[in-house]
Amino acid sequence: MDYQLLQIVAFLTVIAFGGGIKRTSAEACSSNDLEGLIGFKNGIQMDTSGRLAKWVGSSCCEWEGIVCENATTRVTQIHLPGFIEKDLFQTQMMGKLSPSITLLTSLVILDLGGLVGLSGIIPQTIGVQMPNLQKLYLFGNNLTGLIPESIGELPNLQELALHENKISGSIPSSIGSLKSLKSLLLYSNKISGTIPISLGNLTNLVELDVHDNALNGDIPNSIGQMQALEKLDLSSNSLSGNIPTSLSNLSAISVLYMDTNSLEGTIPFPSRPGEMPSLGFLRLHDNHLNGNIPPSLVYLVSLQRVSLSNNKLEGALPSSLGNLLSLTELYLSGNSLSGQIPKSIGQLSQLMMLNISNNLIEGPLPQEISSLHNLQTLDLSFNPLDLSSFPEWLPNLPSLSRIHFAGCGIQGKIPDILQTTLSPIQELDLSVNLLTGTIPSWIGSLSQLYLLNLSRNSLDSHIPDSVTSLSDLGVLDLHSNKLTGSITGAFDIEQGTSGGSLTYIDLSDNNFSIGVEEIGAGKQVHIQFLNLSHNLLKGTLPSSLGKLNSIHSLDLSFNDLASNLPAVLANLTLLERLKLQRNHFSGNIPNGLLKLTKLKELDLSDNVLQGKIPEGKPLTDFPGSSYSGNKGLCGKPLSPC
């Protein structure tokens with residue numbers, strides 16, 4: 001009796017302390033399981049976590065990452081994820097996935113996700129030998145080969161995560177037999193072929209994500225049978241044909257991404273009220289969709305973000321858009337939409353982002369836009385709005401911080417009302433308009449300005465000294481104006497809290513004449529793109545140019561610069577584009593330019609350079625036109641010296 005009581009106490013203790021999850025005795029585990037685990041370990045050359053180094057002896061139920069079933073001593077779970085949550089530590093295993101892993105025939109969970117360096121293929125017999133698998137995580141590795149056809153023989157499989165590998169071939173149609181499957185993640189691989197019709201049989205599937213692959217052909221109508229589906233991501237593939245009307249049947253869908261494909265035809269959903277009631281996020285951009293934006297879109301009562309950009313949509317914006325009261329972001333750029341913006345747009349009280357750029361929208365702008373108190377970004381660029389003057393109500397929008405009105409026909413001076421906006425301006429793009437006069441000194445008071453684009457206007461005079469106060473400025477584009485004087489201000493902008501944020505400067509196609517000696521000598525040395533071409537700049541390139549060690553593109557062509565090419569150009573090791581043509585540079589080409597191994601474009605033509613072109617890559621890889629017009633130059637690719 002005492003022995004039976006002891007057994008009961010022991011049983012209750014096991015349950016209380018998770019005995020059904022992990023065996024705590026030192027008893028040897030199944031010989032097959034032991035062989036399988038040792039085989040897996042032997043396939044790994046490096047384990048930065050140190051977990052496999054502790055796999056010694058025959059009591060594999062005691063090993064880290066291993067869980068056994070008490071009654072049978074069979075291994076049921078392997079947990080060796082790359083990211084160890086309790087330590088917030090990313091580990092790595094280098095080696096091959098051994099097929100001996102399939103000897104663990106009682107395995108329910110196999111988690112080898114995110115080990116980064118794990119290569120090899122998924123064992124072909126995985127579906128035959130591991131029938132109890134419920135969760136298979138092999139994502140975030142370096143696996144190649146095909147998805148085995150036998151994977152469809154795992155009747156209990158609920159989660160299959162093979163994303164972020166280098167898996168190729170097609171999706172096996174046998175996956176449609178996995179009736180228990182709830183999550184299928186195959187994204188960011190090299191999977192090709194068509195989407196199998198059999199996927200429509202996965203009526204318990206909640207998430208299907210195959211984005212960033214090479215899938216082609218039509219989207220099968222059977223997708224509409226997946227009644228439990230909440231997230232469907234088919235984006236960034238090569239899918240074609242029409243969007244199937246059956247998608248309207250996805251009553252649980254909340255996220256639908258089909259962007260960046262070659263889909264055609266019209267937007268077919270929803271067809272009636274009540275369909276797709278939970279759809280909140282819809283992305284159809286970068287396809288070949290045509291026709292109008294369907295007024296029935298208003299039936300999608302939960303829509304929050306919609307992107308229809310870069311298609312072939314036409315016609316007017318439906319006034320029913322104003323009834324999408326949950327909408328926060330609306331992207332319609334790059335279509336052929338026409339007519340005026342409907343007044344009902346003012347009803348979208350939650351709207352934060354509105355982008356209708358690159359369409360055929362006409363003015364006037366509705367006053368109702370001034371009701372959008374949550375609007376942060378407004379991009380109406382490149383529409384025939386013919387805004388002779390700037391909308392007076394615009395600065396009164398309390399949240400507006402990004403203003404993009406390029407190519408809208410704005411005339412006259414830069415409007416002074418921009419200095420009194422209720423919200424600090426972070427981005428201001430008034431390029432390709434008809435602006436005249438000077439850049440106002442108050443521009444320096446826009447303390448949070450990150451992007452300033454006033455290019456392709458008729459602005460004159462000089463860059464105001466106040467621009468040096470723009471400590472958060474990251475992009476300065478003033479090209480194609482009539483600006484004169486010095487470029488010094490652009491290089492003397494105060495550094496931001498991060499140590500200097502200005503990465504892009506384009507002052508080309510102006511009449512600047514002085515200040516070249518400040519390049520690299522000012523407070524901004526993190527510049528990645530610098531274009532000073534087509535000006536009247538004189539003088540010599542300073543040695544401080546060598547401080548721009550983050551620069552990728554440097555264009556000083558079509559100026560009056562002289563003297564030798566400075567040896568410090570060799571310090572610009574990230575340089576991909578160097579254009580110095582049509583100046584008066586003389587002397588030899590420095591040998592140090594051979595260090596510019598990332599250089600893809602070089603033009604030193606029409607200068608006064610002489611001597612032998614330094615031998616070696618990348619200089620000898622460029623065509624003769626890169627060096628032409630320098631009568632004293634010789635050597636490959638020009639004539640021998």
# chains A, B, ... in the order shown; residues from 1 in each chain; ligands from 1
call {"tool": "residues_around", "arguments": {"residues": "Thr105 in chain A", "least_positions_apart": "4", "cutoff": "8 Å", "atoms": "only C-alpha atoms", "output": "MDAnalysis selection string"}}
result
chainID A and resid 33 129:132
call {"tool": "select_by_dssp", "arguments": {"residues": "range 177-365 of chain A", "states": "strand (DSSP E or B)", "output": "MDAnalysis selection string"}}
result
chainID A and resid 183:185 192:193 207:209 214:217 231:233 238:242 255:257 262:264 281:283 290:291 305:307 312:316 329:331 336:339 353:355 360:361
call {"tool": "atom_distance", "arguments": {"atom1": "CA of Leu459 in chain A", "atom2": "CA of Lys413 in chain A"}}
result
8.5 Å
call {"tool": "residues_around", "arguments": {"residues": "Gln367 in chain A", "least_positions_apart": "6", "cutoff": "9 Å", "atoms": "only C-alpha atoms", "output": "list in words"}}
result
Lys343, Gly346, Pro391 and Trp393 of chain A
call {"tool": "write_last_selection", "arguments": {"atoms": "N, CA and C atoms", "output": "tab-separated table (two decimals), in the first residue's frame"}}
result
chain	number	residue	atom	x	y	z
A	343	LYS	N	-14.29	66.04	-52.31
A	343	LYS	CA	-14.41	66.74	-51.04
A	343	LYS	C	-14.57	65.78	-49.87
A	346	GLY	N	-12.14	64.83	-46.81
A	346	GLY	CA	-12.07	65.49	-45.51
A	346	GLY	C	-12.70	64.69	-44.38
A	391	PRO	N	-1.59	76.65	-51.20
A	391	PRO	CA	-2.84	76.67	-50.43
A	391	PRO	C	-2.63	77.31	-49.05
A	393	TRP	N	-4.45	77.27	-46.44
A	393	TRP	CA	-4.90	76.46	-45.30
A	393	TRP	C	-3.89	75.39	-44.93
call {"tool": "residues_around", "arguments": {"residues": "Thr468 in chain A", "least_positions_apart": "4", "cutoff": "8 Å", "atoms": "only C-alpha atoms", "output": "JSON, numbers by chain"}}
result
{"A": [444, 489, 490, 492, 493, 494]}
call {"tool": "write_last_selection", "arguments": {"atoms": "C-alpha atoms", "output": "JSON list (two decimals), in the first residue's frame"}}
result
[["chain", "number", "residue", "atom", "x", "y", "z"],
["A", 444, "GLY", "CA", 17.17, 78.01, -41.23],
["A", 489, "GLY", "CA", 27.24, 76.79, -46.41],
["A", 490, "ALA", "CA", 26.38, 73.27, -47.50],
["A", 492, "ASP", "CA", 29.31, 73.93, -42.69],
["A", 493, "ILE", "CA", 25.90, 72.76, -41.47],
["A", 494, "GLU", "CA", 25.87, 72.03, -37.76]]
call {"tool": "residues_around", "arguments": {"residues": "Ser278 in chain A", "least_positions_apart": "4", "cutoff": "10 Å", "atoms": "only C-alpha atoms", "output": "VMD selection string"}}
result
chain A and resid 230 250 to 255 274 300 to 303
call {"tool": "closest_residue", "arguments": {"among": "A:Gly140, A:Gly57, A:Gly193, A:Gly36", "to": "Met93 in chain A", "atoms": "only C-alpha atoms"}}
result
A:Gly140
call {"tool": "residues_around", "arguments": {"residues": "Leu37 in chain A", "least_positions_apart": "3", "cutoff": "12 Å", "atoms": "only C-alpha atoms", "output": "PDB file with N, CA, C and O atoms, in the first residue's frame"}}
result
ATOM      1  N   CYS A  29      18.310   6.980 -23.456  1.00  0.00           N
ATOM      2  CA  CYS A  29      17.148   7.137 -24.318  1.00  0.00           C
ATOM      3  C   CYS A  29      17.193   6.101 -25.429  1.00  0.00           C
ATOM      4  O   CYS A  29      18.118   5.296 -25.535  1.00  0.00           O
ATOM      5  N   SER A  30      16.184   6.116 -26.276  1.00  0.00           N
ATOM      6  CA  SER A  30      16.076   5.153 -27.359  1.00  0.00           C
ATOM      7  C   SER A  30      17.344   5.140 -28.204  1.00  0.00           C
ATOM      8  O   SER A  30      17.928   6.188 -28.500  1.00  0.00           O
ATOM      9  N   SER A  31      17.758   3.943 -28.607  1.00  0.00           N
ATOM     10  CA  SER A  31      18.997   3.827 -29.387  1.00  0.00           C
ATOM     11  C   SER A  31      18.879   4.540 -30.732  1.00  0.00           C
ATOM     12  O   SER A  31      19.839   5.149 -31.218  1.00  0.00           O
ATOM     13  N   ASN A  32      17.692   4.472 -31.345  1.00  0.00           N
ATOM     14  CA  ASN A  32      17.491   5.180 -32.615  1.00  0.00           C
ATOM     15  C   ASN A  32      17.604   6.689 -32.432  1.00  0.00           C
ATOM     16  O   ASN A  32      18.219   7.388 -33.238  1.00  0.00           O
ATOM     17  N   ASP A  33      16.964   7.187 -31.345  1.00  0.00           N
ATOM     18  CA  ASP A  33      17.029   8.624 -31.072  1.00  0.00           C
ATOM     19  C   ASP A  33      18.466   9.054 -30.800  1.00  0.00           C
ATOM     20  O   ASP A  33      18.914  10.102 -31.283  1.00  0.00           O
ATOM     21  N   LEU A  34      19.178   8.256 -30.025  1.00  0.00           N
ATOM     22  CA  LEU A  34      20.562   8.578 -29.704  1.00  0.00           C
ATOM     23  C   LEU A  34      21.407   8.624 -30.975  1.00  0.00           C
ATOM     24  O   LEU A  34      22.198   9.551 -31.180  1.00  0.00           O
ATOM     25  N   PHE A  40      23.286  14.097 -36.027  1.00  0.00           N
ATOM     26  CA  PHE A  40      23.085  15.537 -36.214  1.00  0.00           C
ATOM     27  C   PHE A  40      24.280  16.315 -35.680  1.00  0.00           C
ATOM     28  O   PHE A  40      24.803  17.218 -36.339  1.00  0.00           O
ATOM     29  N   LYS A  41      24.729  15.952 -34.476  1.00  0.00           N
ATOM     30  CA  LYS A  41      25.860  16.645 -33.855  1.00  0.00           C
ATOM     31  C   LYS A  41      27.115  16.523 -34.714  1.00  0.00           C
ATOM     32  O   LYS A  41      27.866  17.499 -34.885  1.00  0.00           O
ATOM     33  N   ASN A  42      27.347  15.344 -35.280  1.00  0.00           N
ATOM     34  CA  ASN A  42      28.548  15.125 -36.084  1.00  0.00           C
ATOM     35  C   ASN A  42      28.543  15.935 -37.378  1.00  0.00           C
ATOM     36  O   ASN A  42      29.594  16.173 -37.976  1.00  0.00           O
ATOM     37  N   GLY A  43      27.339  16.340 -37.812  1.00  0.00           N
ATOM     38  CA  GLY A  43      27.253  17.164 -39.026  1.00  0.00           C
ATOM     39  C   GLY A  43      27.550  18.623 -38.789  1.00  0.00           C
ATOM     40  O   GLY A  43      27.676  19.409 -39.740  1.00  0.00           O
ATOM     41  N   ILE A  44      27.664  19.036 -37.526  1.00  0.00           N
ATOM     42  CA  ILE A  44      27.898  20.440 -37.173  1.00  0.00           C
ATOM     43  C   ILE A  44      29.373  20.649 -36.841  1.00  0.00           C
ATOM     44  O   ILE A  44      29.914  19.992 -35.946  1.00  0.00           O
ATOM     45  N   LEU A  52      25.790  21.905 -28.107  1.00  0.00           N
ATOM     46  CA  LEU A  52      26.107  20.554 -28.564  1.00  0.00           C
ATOM     47  C   LEU A  52      27.317  19.968 -27.842  1.00  0.00           C
ATOM     48  O   LEU A  52      27.452  18.743 -27.736  1.00  0.00           O
ATOM     49  N   TRP A  55      26.436  17.610 -25.190  1.00  0.00           N
ATOM     50  CA  TRP A  55      25.780  16.361 -25.559  1.00  0.00           C
ATOM     51  C   TRP A  55      26.784  15.210 -25.423  1.00  0.00           C
ATOM     52  O   TRP A  55      27.444  14.820 -26.397  1.00  0.00           O
ATOM     53  N   VAL A  56      26.912  14.661 -24.237  1.00  0.00           N
ATOM     54  CA  VAL A  56      27.837  13.541 -23.988  1.00  0.00           C
ATOM     55  C   VAL A  56      27.083  12.435 -23.254  1.00  0.00           C
ATOM     56  O   VAL A  56      26.068  12.680 -22.581  1.00  0.00           O
ATOM     57  N   GLY A  57      27.589  11.213 -23.378  1.00  0.00           N
ATOM     58  CA  GLY A  57      26.946  10.074 -22.741  1.00  0.00           C
ATOM     59  C   GLY A  57      25.779   9.567 -23.564  1.00  0.00           C
ATOM     60  O   GLY A  57      25.564   9.972 -24.718  1.00  0.00           O
ATOM     61  N   SER A  58      24.979   8.718 -22.965  1.00  0.00           N
ATOM     62  CA  SER A  58      23.847   8.121 -23.676  1.00  0.00           C
ATOM     63  C   SER A  58      22.496   8.571 -23.134  1.00  0.00           C
ATOM     64  O   SER A  58      21.461   8.154 -23.635  1.00  0.00           O
ATOM     65  N   SER A  59      22.502   9.420 -22.107  1.00  0.00           N
ATOM     66  CA  SER A  59      21.238   9.901 -21.514  1.00  0.00           C
ATOM     67  C   SER A  59      20.789  11.160 -22.244  1.00  0.00           C
ATOM     68  O   SER A  59      20.810  12.275 -21.701  1.00  0.00           O
ATOM     69  N   CYS A  60      20.362  10.997 -23.499  1.00  0.00           N
ATOM     70  CA  CYS A  60      20.074  12.176 -24.327  1.00  0.00           C
ATOM     71  C   CYS A  60      18.873  12.966 -23.821  1.00  0.00           C
ATOM     72  O   CYS A  60      18.707  14.131 -24.173  1.00  0.00           O
ATOM     73  N   CYS A  61      18.026  12.352 -22.979  1.00  0.00           N
ATOM     74  CA  CYS A  61      16.898  13.110 -22.423  1.00  0.00           C
ATOM     75  C   CYS A  61      17.364  14.211 -21.479  1.00  0.00           C
ATOM     76  O   CYS A  61      16.589  15.110 -21.136  1.00  0.00           O
ATOM     77  N   TRP A  63      20.019  16.097 -22.219  1.00  0.00           N
ATOM     78  CA  TRP A  63      20.782  17.071 -23.006  1.00  0.00           C
ATOM     79  C   TRP A  63      19.991  18.374 -23.188  1.00  0.00           C
ATOM     80  O   TRP A  63      18.763  18.370 -23.263  1.00  0.00           O
ATOM     81  N   GLU A  64      20.738  19.459 -23.282  1.00  0.00           N
ATOM     82  CA  GLU A  64      20.106  20.764 -23.481  1.00  0.00           C
ATOM     83  C   GLU A  64      19.402  20.801 -24.836  1.00  0.00           C
ATOM     84  O   GLU A  64      19.952  20.404 -25.856  1.00  0.00           O
ATOM     85  N   GLY A  65      18.177  21.280 -24.810  1.00  0.00           N
ATOM     86  CA  GLY A  65      17.399  21.396 -26.037  1.00  0.00           C
ATOM     87  C   GLY A  65      16.590  20.163 -26.382  1.00  0.00           C
ATOM     88  O   GLY A  65      15.871  20.166 -27.381  1.00  0.00           O
ATOM     89  N   ILE A  66      16.694  19.106 -25.573  1.00  0.00           N
ATOM     90  CA  ILE A  66      16.008  17.847 -25.868  1.00  0.00           C
ATOM     91  C   ILE A  66      14.898  17.620 -24.844  1.00  0.00           C
ATOM     92  O   ILE A  66      15.095  17.790 -23.646  1.00  0.00           O
ATOM     93  N   ARG A  74      11.275   8.267 -25.439  1.00  0.00           N
ATOM     94  CA  ARG A  74      11.513   8.705 -26.811  1.00  0.00           C
ATOM     95  C   ARG A  74      11.614  10.227 -26.851  1.00  0.00           C
ATOM     96  O   ARG A  74      10.896  10.940 -26.152  1.00  0.00           O
ATOM     97  N   VAL A  75      12.498  10.729 -27.698  1.00  0.00           N
ATOM     98  CA  VAL A  75      12.648  12.174 -27.893  1.00  0.00           C
ATOM     99  C   VAL A  75      11.436  12.686 -28.669  1.00  0.00           C
ATOM    100  O   VAL A  75      11.123  12.183 -29.755  1.00  0.00           O
ATOM    101  N   GLN A  77      10.815  16.366 -28.648  1.00  0.00           N
ATOM    102  CA  GLN A  77      11.037  17.761 -29.026  1.00  0.00           C
ATOM    103  C   GLN A  77      12.530  18.058 -29.090  1.00  0.00           C
ATOM    104  O   GLN A  77      13.291  17.621 -28.225  1.00  0.00           O
ATOM    105  N   ILE A  78      12.922  18.808 -30.125  1.00  0.00           N
ATOM    106  CA  ILE A  78      14.274  19.365 -30.224  1.00  0.00           C
ATOM    107  C   ILE A  78      14.137  20.873 -30.324  1.00  0.00           C
ATOM    108  O   ILE A  78      13.514  21.384 -31.262  1.00  0.00           O
ATOM    109  N   LEU A  97      22.742  19.724 -42.229  1.00  0.00           N
ATOM    110  CA  LEU A  97      21.641  19.023 -41.572  1.00  0.00           C
ATOM    111  C   LEU A  97      21.731  17.541 -41.950  1.00  0.00           C
ATOM    112  O   LEU A  97      21.537  17.170 -43.111  1.00  0.00           O
ATOM    113  N   SER A  98      22.024  16.700 -40.975  1.00  0.00           N
ATOM    114  CA  SER A  98      22.199  15.275 -41.238  1.00  0.00           C
ATOM    115  C   SER A  98      20.848  14.595 -41.450  1.00  0.00           C
ATOM    116  O   SER A  98      19.889  14.842 -40.704  1.00  0.00           O
ATOM    117  N   PRO A  99      20.765  13.704 -42.461  1.00  0.00           N
ATOM    118  CA  PRO A  99      19.506  12.964 -42.658  1.00  0.00           C
ATOM    119  C   PRO A  99      19.189  12.018 -41.500  1.00  0.00           C
ATOM    120  O   PRO A  99      18.062  11.536 -41.383  1.00  0.00           O
ATOM    121  N   SER A 100      20.188  11.795 -40.628  1.00  0.00           N
ATOM    122  CA  SER A 100      19.943  10.922 -39.470  1.00  0.00           C
ATOM    123  C   SER A 100      18.918  11.515 -38.517  1.00  0.00           C
ATOM    124  O   SER A 100      18.399  10.805 -37.642  1.00  0.00           O
ATOM    125  N   ILE A 101      18.580  12.781 -38.691  1.00  0.00           N
ATOM    126  CA  ILE A 101      17.573  13.410 -37.835  1.00  0.00           C
ATOM    127  C   ILE A 101      16.230  12.690 -37.978  1.00  0.00           C
ATOM    128  O   ILE A 101      15.396  12.704 -37.072  1.00  0.00           O
ATOM    129  N   THR A 102      16.024  12.017 -39.123  1.00  0.00           N
ATOM    130  CA  THR A 102      14.745  11.327 -39.348  1.00  0.00           C
ATOM    131  C   THR A 102      14.629  10.034 -38.540  1.00  0.00           C
ATOM    132  O   THR A 102      13.564   9.407 -38.536  1.00  0.00           O
ATOM    133  N   LEU A 103      15.700   9.627 -37.841  1.00  0.00           N
ATOM    134  CA  LEU A 103      15.625   8.456 -36.963  1.00  0.00           C
ATOM    135  C   LEU A 103      14.793   8.741 -35.721  1.00  0.00           C
ATOM    136  O   LEU A 103      14.379   7.815 -35.021  1.00  0.00           O
ATOM    137  N   LEU A 104      14.552  10.029 -35.445  1.00  0.00           N
ATOM    138  CA  LEU A 104      13.754  10.408 -34.274  1.00  0.00           C
ATOM    139  C   LEU A 104      12.277  10.362 -34.662  1.00  0.00           C
ATOM    140  O   LEU A 104      11.616  11.381 -34.879  1.00  0.00           O
ATOM    141  N   THR A 105      11.754   9.168 -34.744  1.00  0.00           N
ATOM    142  CA  THR A 105      10.430   8.953 -35.327  1.00  0.00           C
ATOM    143  C   THR A 105       9.273   9.389 -34.434  1.00  0.00           C
ATOM    144  O   THR A 105       8.126   9.419 -34.878  1.00  0.00           O
ATOM    145  N   LEU A 107       9.304  12.368 -32.916  1.00  0.00           N
ATOM    146  CA  LEU A 107       9.466  13.819 -32.779  1.00  0.00           C
ATOM    147  C   LEU A 107       8.158  14.547 -33.098  1.00  0.00           C
ATOM    148  O   LEU A 107       7.506  14.276 -34.106  1.00  0.00           O
ATOM    149  N   LEU A 110      10.363  20.063 -34.053  1.00  0.00           N
ATOM    150  CA  LEU A 110      11.758  20.192 -34.469  1.00  0.00           C
ATOM    151  C   LEU A 110      12.018  21.663 -34.737  1.00  0.00           C
ATOM    152  O   LEU A 110      11.519  22.235 -35.707  1.00  0.00           O
TER     153      LEU A 110
END
call {"tool": "residues_around", "arguments": {"residues": "Arg577 in chain A", "least_positions_apart": "2", "cutoff": "10 Å", "atoms": "only C-alpha atoms", "output": "PyMOL selection string"}}
result
chain A and resi 529+551-555+574-575+579+596+598-603
call {"tool": "atom_distance", "arguments": {"atom1": "CA of Gly217 in chain A", "atom2": "CA of Asp259 in chain A"}}
result
14.8 Å
call {"tool": "closest_residue", "arguments": {"among": "A:Met226, A:Leu537, A:Leu354, A:Ile589", "to": "Leu202 in chain A", "atoms": "only C-alpha atoms"}}
result
A:Met226
call {"tool": "closest_atom_pairs", "arguments": {"of": "range 53-120 of chain A", "to": "range 147-161 of chain A", "cutoff": "10 Å", "atoms": "only C-alpha atoms", "output": "CSV"}}
result
residue,atom,partner,partner_atom,distance
A:Val108,CA,A:Leu157,CA,8.7
A:Ile109,CA,A:Leu157,CA,9.5
A:Asp111,CA,A:Ala161,CA,9.5
A:Gly113,CA,A:Ala161,CA,8.2
call {"tool": "write_last_selection", "arguments": {"atoms": "N, CA, C and O atoms", "output": "PDB file, in the first residue's frame"}}
result
ATOM      1  N   VAL A 108       7.783  15.456 -32.214  1.00  0.00           N
ATOM      2  CA  VAL A 108       6.589  16.282 -32.383  1.00  0.00           C
ATOM      3  C   VAL A 108       6.980  17.696 -32.805  1.00  0.00           C
ATOM      4  O   VAL A 108       6.323  18.318 -33.646  1.00  0.00           O
ATOM      5  N   ILE A 109       8.067  18.210 -32.214  1.00  0.00           N
ATOM      6  CA  ILE A 109       8.548  19.561 -32.524  1.00  0.00           C
ATOM      7  C   ILE A 109      10.022  19.494 -32.898  1.00  0.00           C
ATOM      8  O   ILE A 109      10.837  18.952 -32.142  1.00  0.00           O
ATOM      9  N   ASP A 111      12.782  22.303 -33.858  1.00  0.00           N
ATOM     10  CA  ASP A 111      13.082  23.732 -33.967  1.00  0.00           C
ATOM     11  C   ASP A 111      14.580  23.931 -34.158  1.00  0.00           C
ATOM     12  O   ASP A 111      15.361  23.878 -33.212  1.00  0.00           O
ATOM     13  N   GLY A 113      15.419  26.708 -36.139  1.00  0.00           N
ATOM     14  CA  GLY A 113      15.245  27.971 -36.845  1.00  0.00           C
ATOM     15  C   GLY A 113      16.293  29.006 -36.484  1.00  0.00           C
ATOM     16  O   GLY A 113      16.686  29.151 -35.333  1.00  0.00           O
TER      17      GLY A 113
END
call {"tool": "select_by_dssp", "arguments": {"residues": "range 25-120 of chain A", "states": "alpha helix (DSSP H)", "output": "ChimeraX atom specification"}}
result
/A:31-42
call {"tool": "write_last_selection", "arguments": {"atoms": "N, CA and C atoms", "output": "compact mmCIF listing (two decimals), in the first residue's frame"}}
result
# COMPACT_ATOMS: atom_id res chain seq x y z
N SER A 31 17.76 3.94 -28.61
CA SER A 31 19.00 3.83 -29.39
C SER A 31 18.88 4.54 -30.73
N ASN A 32 17.69 4.47 -31.34
CA ASN A 32 17.49 5.18 -32.62
C ASN A 32 17.60 6.69 -32.43
N ASP A 33 16.96 7.19 -31.34
CA ASP A 33 17.03 8.62 -31.07
C ASP A 33 18.47 9.05 -30.80
N LEU A 34 19.18 8.26 -30.02
CA LEU A 34 20.56 8.58 -29.70
C LEU A 34 21.41 8.62 -30.98
N GLU A 35 21.20 7.63 -31.84
CA GLU A 35 21.96 7.60 -33.10
C GLU A 35 21.64 8.82 -33.96
N GLY A 36 20.35 9.18 -34.01
CA GLY A 36 19.94 10.34 -34.80
C GLY A 36 20.54 11.63 -34.29
N LEU A 37 20.55 11.82 -32.97
CA LEU A 37 21.10 13.04 -32.38
C LEU A 37 22.61 13.11 -32.54
N ILE A 38 23.29 11.98 -32.35
CA ILE A 38 24.74 11.96 -32.54
C ILE A 38 25.08 12.26 -34.00
N GLY A 39 24.28 11.72 -34.92
CA GLY A 39 24.49 12.01 -36.34
C GLY A 39 24.32 13.49 -36.65
N PHE A 40 23.29 14.10 -36.03
CA PHE A 40 23.08 15.54 -36.21
C PHE A 40 24.28 16.31 -35.68
N LYS A 41 24.73 15.95 -34.48
CA LYS A 41 25.86 16.65 -33.86
C LYS A 41 27.12 16.52 -34.71
N ASN A 42 27.35 15.34 -35.28
CA ASN A 42 28.55 15.12 -36.08
C ASN A 42 28.54 15.93 -37.38
call {"tool": "atom_distance", "arguments": {"atom1": "CA of Val608 in chain A", "atom2": "CA of Asp621 in chain A"}}
result
21.2 Å
